[in-house]
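Student: My file is my_file-v2.txt. It has compact mmCIF, C-alpha atoms:
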# COMPACT_ATOMS: atom_id res chain seq x y z
CA MET A 79 0.00 0.00 0.00
CA ARG A 80 1.26 3.47 -0.92
CA SER A 81 1.18 6.07 1.89
CA VAL A 82 1.42 9.82 1.28
CA GLU A 83 0.71 12.94 3.28
CA VAL A 84 -1.69 14.56 0.78
CA LEU A 85 -3.68 12.77 -1.88
CA ILE A 86 -5.59 14.77 -4.48
CA VAL A 87 -8.34 13.15 -6.53
CA GLY A 88 -8.47 15.01 -9.84
CA GLY A 89 -5.75 16.77 -11.80
CA GLY A 90 -7.73 19.69 -13.24
CA PRO A 91 -7.20 23.34 -12.23
CA ALA A 92 -8.39 22.87 -8.62
CA GLY A 93 -6.21 19.83 -8.01
CA ALA A 94 -3.20 21.24 -9.86
CA ALA A 95 -3.44 24.55 -7.95
CA ALA A 96 -3.54 22.74 -4.61
CA ALA A 97 -0.65 20.46 -5.63
CA TRP A 98 1.43 23.43 -6.78
CA GLN A 99 0.96 25.28 -3.50
CA LEU A 100 1.71 22.20 -1.41
CA ARG A 101 4.76 21.13 -3.39
CA ARG A 102 6.23 24.64 -3.17
CA ALA A 103 6.06 24.20 0.60
CA GLY A 104 7.86 20.87 0.37
CA ARG A 105 4.88 18.63 1.14
CA GLU A 106 4.49 15.13 -0.27
CA VAL A 107 1.63 15.08 -2.78
CA LEU A 108 0.12 12.40 -4.99
CA VAL A 109 -2.50 13.16 -7.64
CA LEU A 110 -4.86 10.45 -8.89
CA ASP A 111 -6.84 11.02 -12.07
CA ARG A 112 -8.83 8.54 -14.11
CA GLU A 113 -7.46 10.00 -17.34
CA ARG A 114 -3.99 10.43 -18.75
CA PHE A 115 -2.86 14.02 -19.34
CA PRO A 116 -3.04 15.82 -21.67
CA ARG A 117 -6.69 14.88 -22.04
CA LEU A 118 -9.61 16.31 -23.94
CA LYS A 119 -11.62 18.73 -21.82
CA LEU A 120 -14.67 20.53 -23.14
CA CYS A 121 -14.52 24.13 -21.95
CA ALA A 122 -14.56 27.61 -23.40
CA GLY A 123 -11.24 28.06 -21.59
CA TRP A 124 -11.96 31.54 -20.29
CA ILE A 125 -9.49 32.62 -17.61
CA THR A 126 -9.67 35.96 -15.85
CA PRO A 127 -6.83 38.24 -14.74
CA GLU A 128 -7.52 36.95 -11.20
CA VAL A 129 -6.72 33.38 -12.31
CA VAL A 130 -3.49 34.58 -13.92
CA ALA A 131 -2.51 36.38 -10.70
CA ASP A 132 -3.58 33.52 -8.38
CA LEU A 133 -1.43 31.05 -10.30
CA GLY A 134 1.50 33.40 -10.84
CA ILE A 135 1.35 32.98 -14.62
CA ASP A 136 3.41 35.16 -16.94
CA VAL A 137 1.13 35.23 -19.98
CA ASN A 138 4.06 36.23 -22.19
CA ALA A 139 5.99 33.13 -21.13
CA TYR A 140 3.09 30.66 -21.23
CA PRO A 141 4.25 28.04 -23.78
CA HIS A 142 0.89 27.10 -25.30
CA SER A 143 -2.13 28.70 -26.94
CA LEU A 144 -3.35 31.86 -25.21
CA ILE A 145 -5.30 34.81 -26.52
CA THR A 146 -5.81 38.06 -24.62
CA TYR A 147 -9.03 39.78 -25.59
CA PRO A 148 -8.96 43.58 -25.51
CA ARG A 149 -12.77 43.51 -25.50
CA LEU A 150 -15.78 41.24 -25.15
CA ARG A 151 -18.83 41.62 -27.35
CA LEU A 152 -22.07 41.05 -25.46
CA HIS A 153 -25.39 40.58 -27.27
CA CYS A 154 -28.93 40.54 -25.89
CA GLY A 155 -31.76 40.66 -28.40
CA ARG A 156 -31.13 43.56 -30.75
CA PHE A 157 -28.60 45.17 -28.46
CA SER A 158 -24.85 44.65 -28.81
CA LEU A 159 -22.23 46.10 -26.51
CA PRO A 160 -18.46 46.00 -26.94
CA LEU A 161 -16.79 46.02 -23.52
CA PRO A 162 -13.16 47.19 -23.47
CA CYS A 163 -11.50 44.95 -20.89
CA VAL A 164 -8.80 42.32 -20.50
CA GLN A 165 -9.72 38.62 -20.46
CA HIS A 166 -7.87 35.53 -21.65
CA SER A 167 -8.65 32.22 -23.31
CA ILE A 168 -6.64 28.99 -23.31
CA ARG A 169 -7.13 25.45 -24.55
CA ARG A 170 -7.86 23.19 -21.59
CA PHE A 171 -6.14 20.28 -23.36
CA GLU A 172 -2.87 22.20 -22.99
CA PHE A 173 -3.52 24.34 -19.92
CA ASP A 174 -4.51 21.55 -17.52
CA ALA A 175 -1.56 19.35 -18.46
CA TRP A 176 0.84 22.30 -18.12
CA LEU A 177 -0.52 23.26 -14.69
CA LEU A 178 -0.28 19.69 -13.46
CA GLU A 179 3.27 19.23 -14.71
CA ARG A 180 4.29 22.61 -13.27
CA SER A 181 2.99 21.55 -9.85
CA GLY A 182 5.80 19.02 -9.51
CA ALA A 183 3.45 16.45 -7.97
CA GLU A 184 3.52 12.78 -8.84
CA VAL A 185 0.51 11.78 -10.96
CA ILE A 186 -0.94 8.27 -11.27
CA GLU A 187 -3.69 7.27 -13.66
CA HIS A 188 -6.27 5.67 -11.39
CA ASN A 189 -10.07 5.64 -11.26
CA VAL A 190 -11.00 6.04 -7.58
CA ARG A 191 -13.90 3.85 -6.47
CA GLU A 192 -13.78 3.32 -2.71
CA ILE A 193 -12.86 5.76 0.07
CA GLU A 194 -12.72 4.73 3.72
CA SER A 195 -11.84 6.67 6.86
CA ASP A 196 -8.67 5.44 8.55
CA GLY A 197 -8.16 7.23 11.86
CA GLU A 198 -7.18 10.79 10.93
CA GLY A 199 -6.63 9.78 7.31
CA TYR A 200 -8.20 7.85 4.46
CA LEU A 201 -7.81 4.64 2.48
CA ILE A 202 -8.35 4.82 -1.27
CA ASP A 203 -9.28 1.51 -2.95
CA ARG A 204 -7.17 -0.29 -0.34
CA ALA A 205 -4.17 0.79 -2.44
CA PHE A 206 -3.40 4.29 -1.13
CA ARG A 207 -3.36 5.80 2.34
CA CYS A 208 -3.18 9.54 3.07
CA ARG A 209 -3.52 11.93 5.97
CA TYR A 210 -5.17 14.69 3.91
CA LEU A 211 -7.58 14.10 1.03
CA ILE A 212 -8.60 16.78 -1.50
CA GLY A 213 -11.55 16.13 -3.80
CA ALA A 214 -10.92 17.92 -7.09
CA GLY A 215 -12.50 15.46 -9.48
CA GLY A 216 -15.24 17.67 -10.91
CA THR A 217 -18.99 17.12 -10.76
CA ARG A 218 -18.63 13.33 -10.47
CA CYS A 219 -15.82 13.48 -7.91
CA PRO A 220 -15.79 10.33 -5.74
CA VAL A 221 -14.70 12.34 -2.69
CA TYR A 222 -17.90 14.37 -2.95
CA ARG A 223 -19.98 11.26 -3.64
CA VAL A 224 -18.70 9.25 -0.66
CA LEU A 225 -18.03 11.90 1.99
CA PHE A 226 -20.07 15.01 1.15
CA ARG A 227 -23.13 14.21 -0.96
CA GLN A 228 -25.49 13.72 1.98
CA LEU A 229 -24.08 16.81 3.71
CA ASN A 230 -24.34 19.03 0.61
CA PRO A 231 -27.07 17.68 -1.70
CA ARG A 232 -27.02 19.45 -5.04
CA ALA A 233 -29.89 21.66 -6.10
CA ASP A 234 -31.54 20.64 -9.38
CA GLU A 235 -32.41 24.24 -10.14
CA LEU A 236 -28.68 25.07 -10.31
CA GLN A 237 -27.69 22.37 -12.79
CA LEU A 238 -26.28 23.82 -16.00
CA VAL A 239 -26.26 21.73 -19.17
CA THR A 240 -24.15 22.56 -22.20
CA LEU A 241 -23.37 21.55 -25.74
CA GLU A 242 -20.09 22.65 -27.25
CA HIS A 243 -17.32 21.79 -29.66
CA GLU A 244 -13.75 22.93 -30.15
CA ILE A 245 -12.52 22.72 -33.72
CA ARG A 246 -9.69 23.77 -35.94
CA TYR A 247 -10.95 26.78 -37.85
CA ASP A 248 -9.26 29.66 -39.63
CA TRP A 249 -11.28 32.33 -37.84
CA ARG A 250 -11.24 35.99 -38.89
CA GLU A 251 -13.11 37.58 -35.95
CA ARG A 252 -10.73 37.73 -32.98
CA ASP A 253 -13.16 39.06 -30.35
CA CYS A 254 -15.05 36.79 -27.97
CA HIS A 255 -18.85 37.01 -28.43
CA LEU A 256 -21.53 36.13 -25.85
CA TRP A 257 -25.27 35.97 -26.63
CA PHE A 258 -27.70 36.09 -23.69
CA PHE A 259 -31.27 34.70 -23.54
CA GLY A 260 -31.61 34.22 -27.30
CA HIS A 261 -34.83 32.40 -28.31
CA GLY A 262 -35.79 32.19 -24.62
CA LEU A 263 -32.66 30.31 -23.55
CA PRO A 264 -32.13 30.54 -19.75
CA GLY A 265 -28.41 31.01 -20.26
CA TYR A 266 -26.10 32.11 -23.05
CA SER A 267 -24.16 31.01 -26.12
CA TRP A 268 -20.55 31.78 -26.99
CA TYR A 269 -18.00 32.13 -29.78
CA VAL A 270 -14.44 31.92 -28.41
CA PRO A 271 -11.54 32.10 -30.87
CA LYS A 272 -8.29 30.59 -29.65
CA GLU A 273 -4.71 30.92 -30.73
CA ARG A 274 -3.20 28.84 -33.54
CA GLY A 275 -6.43 28.32 -35.45
CA TRP A 276 -8.80 26.88 -32.84
CA LEU A 277 -12.38 27.90 -32.16
CA ASN A 278 -14.73 26.95 -29.31
CA VAL A 279 -18.47 27.47 -29.65
CA GLY A 280 -21.19 26.38 -27.27
CA VAL A 281 -24.50 26.93 -25.59
CA GLY A 282 -25.45 26.47 -21.94
CA GLY A 283 -28.60 26.86 -19.91
CA ILE A 284 -30.29 25.93 -16.64
CA ALA A 285 -31.62 22.40 -17.12
CA ALA A 286 -34.72 22.73 -14.92
CA ARG A 287 -35.84 25.96 -16.56
CA MET A 288 -35.42 24.54 -20.05
CA LYS A 289 -37.42 21.45 -19.13
CA ALA A 290 -40.21 23.51 -17.54
CA SER A 291 -40.52 25.72 -20.63
CA GLY A 292 -40.24 22.88 -23.14
CA HIS A 293 -36.86 24.00 -24.48
CA ASP A 294 -34.35 21.62 -26.02
CA ILE A 295 -30.67 22.49 -25.83
CA ARG A 296 -30.09 20.91 -29.24
CA ALA A 297 -32.55 23.36 -30.73
CA HIS A 298 -30.56 26.20 -29.18
CA TRP A 299 -27.39 24.65 -30.60
CA GLY A 300 -29.06 24.78 -34.01
CA PHE A 301 -29.93 28.48 -33.53
CA LEU A 302 -26.31 29.25 -32.60
CA THR A 303 -24.61 27.35 -35.40
CA GLY A 304 -27.06 28.70 -37.94
CA MET A 305 -26.20 32.25 -36.93
CA LEU A 306 -22.46 31.50 -36.90
CA GLY A 307 -22.72 29.99 -40.37
CA GLU A 308 -24.09 33.28 -41.66
CA GLN A 309 -21.75 35.62 -39.77
CA LEU A 310 -18.68 34.51 -37.83
CA ALA A 311 -17.88 30.94 -38.85
CA PRO A 312 -19.13 30.11 -42.35
CA GLY A 313 -18.39 26.57 -43.43
CA ALA A 314 -17.52 25.32 -39.94
CA SER A 315 -18.50 21.72 -39.17
CA TYR A 316 -19.38 20.61 -35.64
CA GLN A 317 -19.87 17.42 -33.66
CA PRO A 318 -20.96 18.78 -30.28
CA SER A 319 -20.75 16.94 -26.98
CA GLY A 320 -22.64 17.70 -23.80
CA TYR A 321 -21.94 17.77 -20.10
CA SER A 322 -23.41 19.30 -16.98
CA TYR A 323 -22.19 20.94 -13.79
CA TYR A 324 -23.60 23.04 -10.97
CA LEU A 325 -23.66 26.74 -10.30
CA ARG A 326 -22.84 28.05 -6.86
CA GLY A 327 -25.51 27.20 -4.33
CA LYS A 328 -25.58 26.67 -0.59
CA VAL A 329 -22.44 24.73 0.29
CA ASP A 330 -22.43 24.43 4.06
CA ILE A 331 -19.76 21.79 4.61
CA VAL A 332 -16.61 21.75 2.47
CA ARG A 333 -14.31 20.10 5.00
CA ARG A 334 -14.91 16.88 6.87
CA GLY A 335 -12.04 15.88 9.13
CA ASN A 336 -8.99 16.02 6.89
CA ALA A 337 -11.00 15.79 3.65
CA PHE A 338 -11.78 18.79 1.44
CA ILE A 339 -13.85 19.39 -1.69
CA THR A 340 -12.92 22.00 -4.28
CA GLY A 341 -14.03 23.39 -7.63
CA ASP A 342 -16.87 21.65 -9.44
CA ALA A 343 -16.82 18.89 -6.83
CA ALA A 344 -18.23 21.52 -4.47
CA GLY A 345 -20.39 23.17 -7.14
CA LEU A 346 -18.66 26.56 -7.22
CA ALA A 347 -19.23 27.93 -10.74
CA THR A 348 -20.34 31.56 -10.76
CA ARG A 349 -24.08 32.15 -10.81
CA ASP A 350 -23.98 34.83 -13.51
CA LEU A 351 -21.78 33.29 -16.24
CA GLY A 352 -21.06 29.76 -15.07
CA GLU A 353 -17.31 30.42 -14.84
CA GLY A 354 -15.65 27.45 -13.17
CA ILE A 355 -11.87 27.82 -13.55
CA GLY A 356 -11.47 30.82 -11.24
CA PRO A 357 -13.43 29.34 -8.30
CA ALA A 358 -11.67 25.99 -8.84
CA VAL A 359 -8.22 27.57 -8.62
CA ARG A 360 -9.08 29.70 -5.59
CA SER A 361 -10.64 26.80 -3.70
CA GLY A 362 -7.66 24.55 -4.48
CA LEU A 363 -5.22 27.15 -3.19
CA ARG A 364 -7.33 27.65 -0.09
CA ALA A 365 -7.44 23.92 0.65
CA ALA A 366 -3.65 23.82 0.39
CA ARG A 367 -3.39 26.81 2.75
CA ALA A 368 -5.63 25.08 5.27
CA ILE A 369 -3.30 22.09 5.26
CA LEU A 370 -0.11 24.17 5.40
CA GLU A 371 -1.16 26.79 7.91
CA GLY A 372 -4.05 25.24 9.78
CA ALA A 373 -6.24 28.05 8.46
CA PRO A 374 -10.02 27.62 8.33
CA TYR A 375 -11.25 26.18 5.06
CA GLU A 376 -14.16 28.38 4.06
CA LEU A 377 -15.46 29.10 0.56
CA ASP A 378 -18.17 31.71 1.16
CA ASP A 379 -16.11 34.38 -0.62
CA VAL A 380 -14.42 32.13 -3.18
CA THR A 381 -17.11 32.32 -5.84
CA GLY A 382 -17.53 35.89 -6.94
CA SER A 383 -19.26 37.42 -9.91
CA SER A 384 -17.78 36.93 -13.36
CA ILE A 385 -19.34 40.19 -14.46
CA ALA A 386 -17.63 41.95 -11.53
CA SER A 387 -14.31 40.50 -12.75
CA ILE A 388 -14.96 41.90 -16.22
CA ALA A 389 -15.79 45.28 -14.69
CA ARG A 390 -12.56 45.28 -12.67
CA SER A 391 -10.53 44.54 -15.77
CA MET A 392 -12.31 47.39 -17.56
CA PHE A 393 -11.28 49.83 -14.83
CA ASP A 394 -7.73 48.43 -14.71
CA ARG A 395 -7.38 48.78 -18.45
CA ALA A 396 -8.70 52.35 -18.35
CA ALA A 397 -6.26 53.21 -15.56
CA ARG A 398 -3.31 51.78 -17.53
CA THR A 399 -4.40 53.68 -20.62
CA ARG A 400 -4.51 56.96 -18.66
CA ALA A 401 -1.10 56.24 -17.14
CA LEU A 402 0.46 55.53 -20.54
CA ALA A 403 -1.15 58.66 -21.98
CA GLY A 404 0.35 60.65 -19.11
CA LEU A 405 3.81 59.21 -19.78
CA ARG A 406 3.59 60.01 -23.48
CA GLY A 407 2.47 63.53 -22.71
CA HIS A 408 5.21 64.20 -20.15
CA VAL A 409 8.06 66.33 -21.43
CA PRO A 410 11.14 66.21 -19.17
CA GLY A 411 12.23 69.69 -17.94
Give the structure from the file, written as structure tokens.
Tutor:
Amino acid sequence: MRSVEVLIVGGGPAGAAAAWQLRRAGREVLVLDRERFPRLKLCAGWITPEVVADLGIDVNAYPHSLITYPRLRLHCGRFSLPLPCVQHSIRRFEFDAWLLERSGAEVIEHNVREIESDGEGYLIDRAFRCRYLIGAGGTRCPVYRVLFRQLNPRADELQLVTLEHEIRYDWRERDCHLWFFGHGLPGYSWYVPKERGWLNVGVGGIAARMKASGHDIRAHWGFLTGMLGEQLAPGASYQPSGYSYYLRGKVDIVRRGNAFITGDAAGLATRDLGEGIGPAVRSGLRAARAILEGAPYELDDVTGSSIASIARSMFDRAARTRALAGLRGHVPG
């Protein structure tokens, strides 16, 4: 049996962030994931300036695909609004593998099935023993299922369902576009160009509201791709896949003994735009801090508003623009 101090189930952004923080402090960390990295991960790949800062990323030195958007284009009905701000997009296929490798943690491909308490620690499939256990395995995380599901039952009204596809496409429109509430959708659709000729498009909505109103997400996918075929992505061919996750609800218990849940395992995506990477990273870092410093593990303030993040980047960009204008206008005496 393999014994380690900290075992993390799931190697996505939450798990990689926790592993990175713990390994920098010299702790022994093992990451278990049912898939081999790099692995396909459906996601628009939107990361905010807060994510970049939390992870200490130099965007100019990042070795894979990354686009920085100087604006977002928001659409609601007949209204369109270009928002000058700073946001980024990556490919999760590359980003997750890079974060995990950067963490310096050992990674084993293993599908966790059984978790048992063992004094102050835990036994995993009778093959691994750990003192601290971090659940970072997404919506279907076994740590949530075994240790937290009865304590934090998920709310059906907060389940988000999506269809999306990421394809190679020689896009011409560099801006990210978001369409809200089109054709009665309780959610939004997106067009996200990515570096080196990749494009992600998708549609997401609240499952319960769509069912109650007789909406079908595949019909909304048809609306989106039809519009893109006429405007932004003519000739593109798609084979969409679907998945679901949960927006932030009431999460009362996120630590049980020496076990923690993070990211989508805890259901932390933002309520306004369904952003999951930022809350995942922040919760992973906070779980690591709780282990390292004995700090309380609380997530009440971890999930903020994605729109507030966009607004902050708008103000930051405006401030930098004014500062640069002042420098250009300064004539040394």
Student: Excluding segment 224-235 of chain A and any residue of its chain fewer than 3 positions from it, enumerate the residues within 9 Å of it, using all atoms listed in the file, and give them as a PyMOL selection string.
Tutor: chain A and resi 192-194+219-221+238+284-287+324+327-334+337+339+344-345
Student: In terms of the shortest atom-to-atom distance over only C-alpha atoms, which of A:Arg169, A:Cys154, A:Leu325, A:Gln317 is closest to Ser267 of chain A?
Tutor: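 With only C-alpha atoms as the atom set, the closest residue is A:Cys154.
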Student: Using all atoms listed in the file, can you tell me which of A:Ser158, A:Ser195, A:Gln165, A:Ser291 comes closest to Val270 of chain A?
Tutor: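 For Val270 of chain A, the nearest of the given residues is A:Gln165.
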Student: Could you tell me how far atom CA of His293 of chain A lies from atom CA of Gly341 of chain A, in Å and to one decimal?
Tutor: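 Result for atom CA of His293 of chain A versus atom CA of Gly341 of chain A: 28.4 Å, one decimal.
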Student: Kindly give the distance, in Å, that separates atom CA of Arg117 of chain A and atom CA of Gly89 of chain A, rounded to a single decimal.
Tutor: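 So the answer is 10.5 Å.
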Student: So how far away is atom CA of Arg180 of chain A from atom CA of Leu85 of chain A, in Å?
Tutor: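 Spanning atom CA of Leu85 of chain A to atom CA of Arg180 of chain A is a straight-line distance of 17.0 Å.
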Student: Extract, using only C-alpha atoms, all DNA, RNA and protein residues at most 8 Å from Gly260 of chain A, discarding same-chain residues fewer than 3 positions from it, and format them as a VMD selection string.
Tutor: chain A and resid 154 to 155 257 263 266
Student: Name all residues at most 8 Å from Glu184 of chain A (count all atoms listed in the file; drop same-chain ones fewer than 4 positions away) and give them as an MDAnalysis selection string.
Tutor: chainID A and resid 107:109
Student: Residues within 7 Å of Gly215 of chain A, please, as a ChimeraX atom specification. Count only C-alpha atoms; anything in the same chain fewer than 4 positions from it doesn't count.
Tutor: /A:87-88,219,343
Student: Would you mind exporting C-alpha atoms of the selected residues as an mmCIF file, in the coordinates of the input?
Tutor:
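Saved file again.cif follows:
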data_model
loop_
_atom_site.group_PDB
_atom_site.id
_atom_site.type_symbol
_atom_site.label_atom_id
_atom_site.label_comp_id
_atom_site.auth_asym_id
_atom_site.auth_seq_id
_atom_site.Cartn_x
_atom_site.Cartn_y
_atom_site.Cartn_z
ATOM 1 C CA VAL A 87 -8.340 13.150 -6.530
ATOM 2 C CA GLY A 88 -8.470 15.010 -9.840
ATOM 3 C CA CYS A 219 -15.820 13.480 -7.910
ATOM 4 C CA ALA A 343 -16.820 18.890 -6.830
#
Student: For Gly213 of chain A, which residue among A:Glu172, A:Glu376, A:Asp342, A:Asp132 is the nearest when counting only C-alpha atoms?
Tutor: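 The closest residue to Gly213 of chain A is A:Asp342.
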Student: Using all atoms listed in the file, can you tell me which of A:Leu346, A:Ile212, A:Met79, A:Ile135 comes closest to Ala368 of chain A?
Tutor: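 Of A:Leu346, A:Ile212, A:Met79, A:Ile135, the one nearest Ala368 of chain A is A:Ile212, counting all atoms listed in the file.
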Student: So, with only C-alpha atoms as the atoms that count, which of A:Val84, A:Gly265, A:Ala389, A:His255 lies closest to Ala96 of chain A?
Tutor: A:Val84
Student: Restricting the calculation to all atoms listed in the file: of A:Leu120, A:Leu310, A:Leu110, A:Leu256, which residue gets closest to Ile202 of chain A?
Tutor: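 Closest to Ile202 of chain A, using all atoms listed in the file: A:Leu110.
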Student: Neighbours of segment 377-386 of chain A within 8 Å (all atoms listed in the file; same-chain residues fewer than 3 positions away dropped), as number ranges by chain?
Tutor: A: 326, 332, 346-351, 353, 356-357, 360-361, 389-390
Student: The centre and edge lengths of an axis-aligned box containing all atoms of segment 252-255 of chain A present in the file, extended by 6 Å on each side, are to be given in Å to one decimal, as AutoDock Vina command-line options.
Tutor:
--center_x -14.8 --center_y 37.9 --center_z -30.5 --size_x 20.1 --size_y 14.3 --size_z 17.0
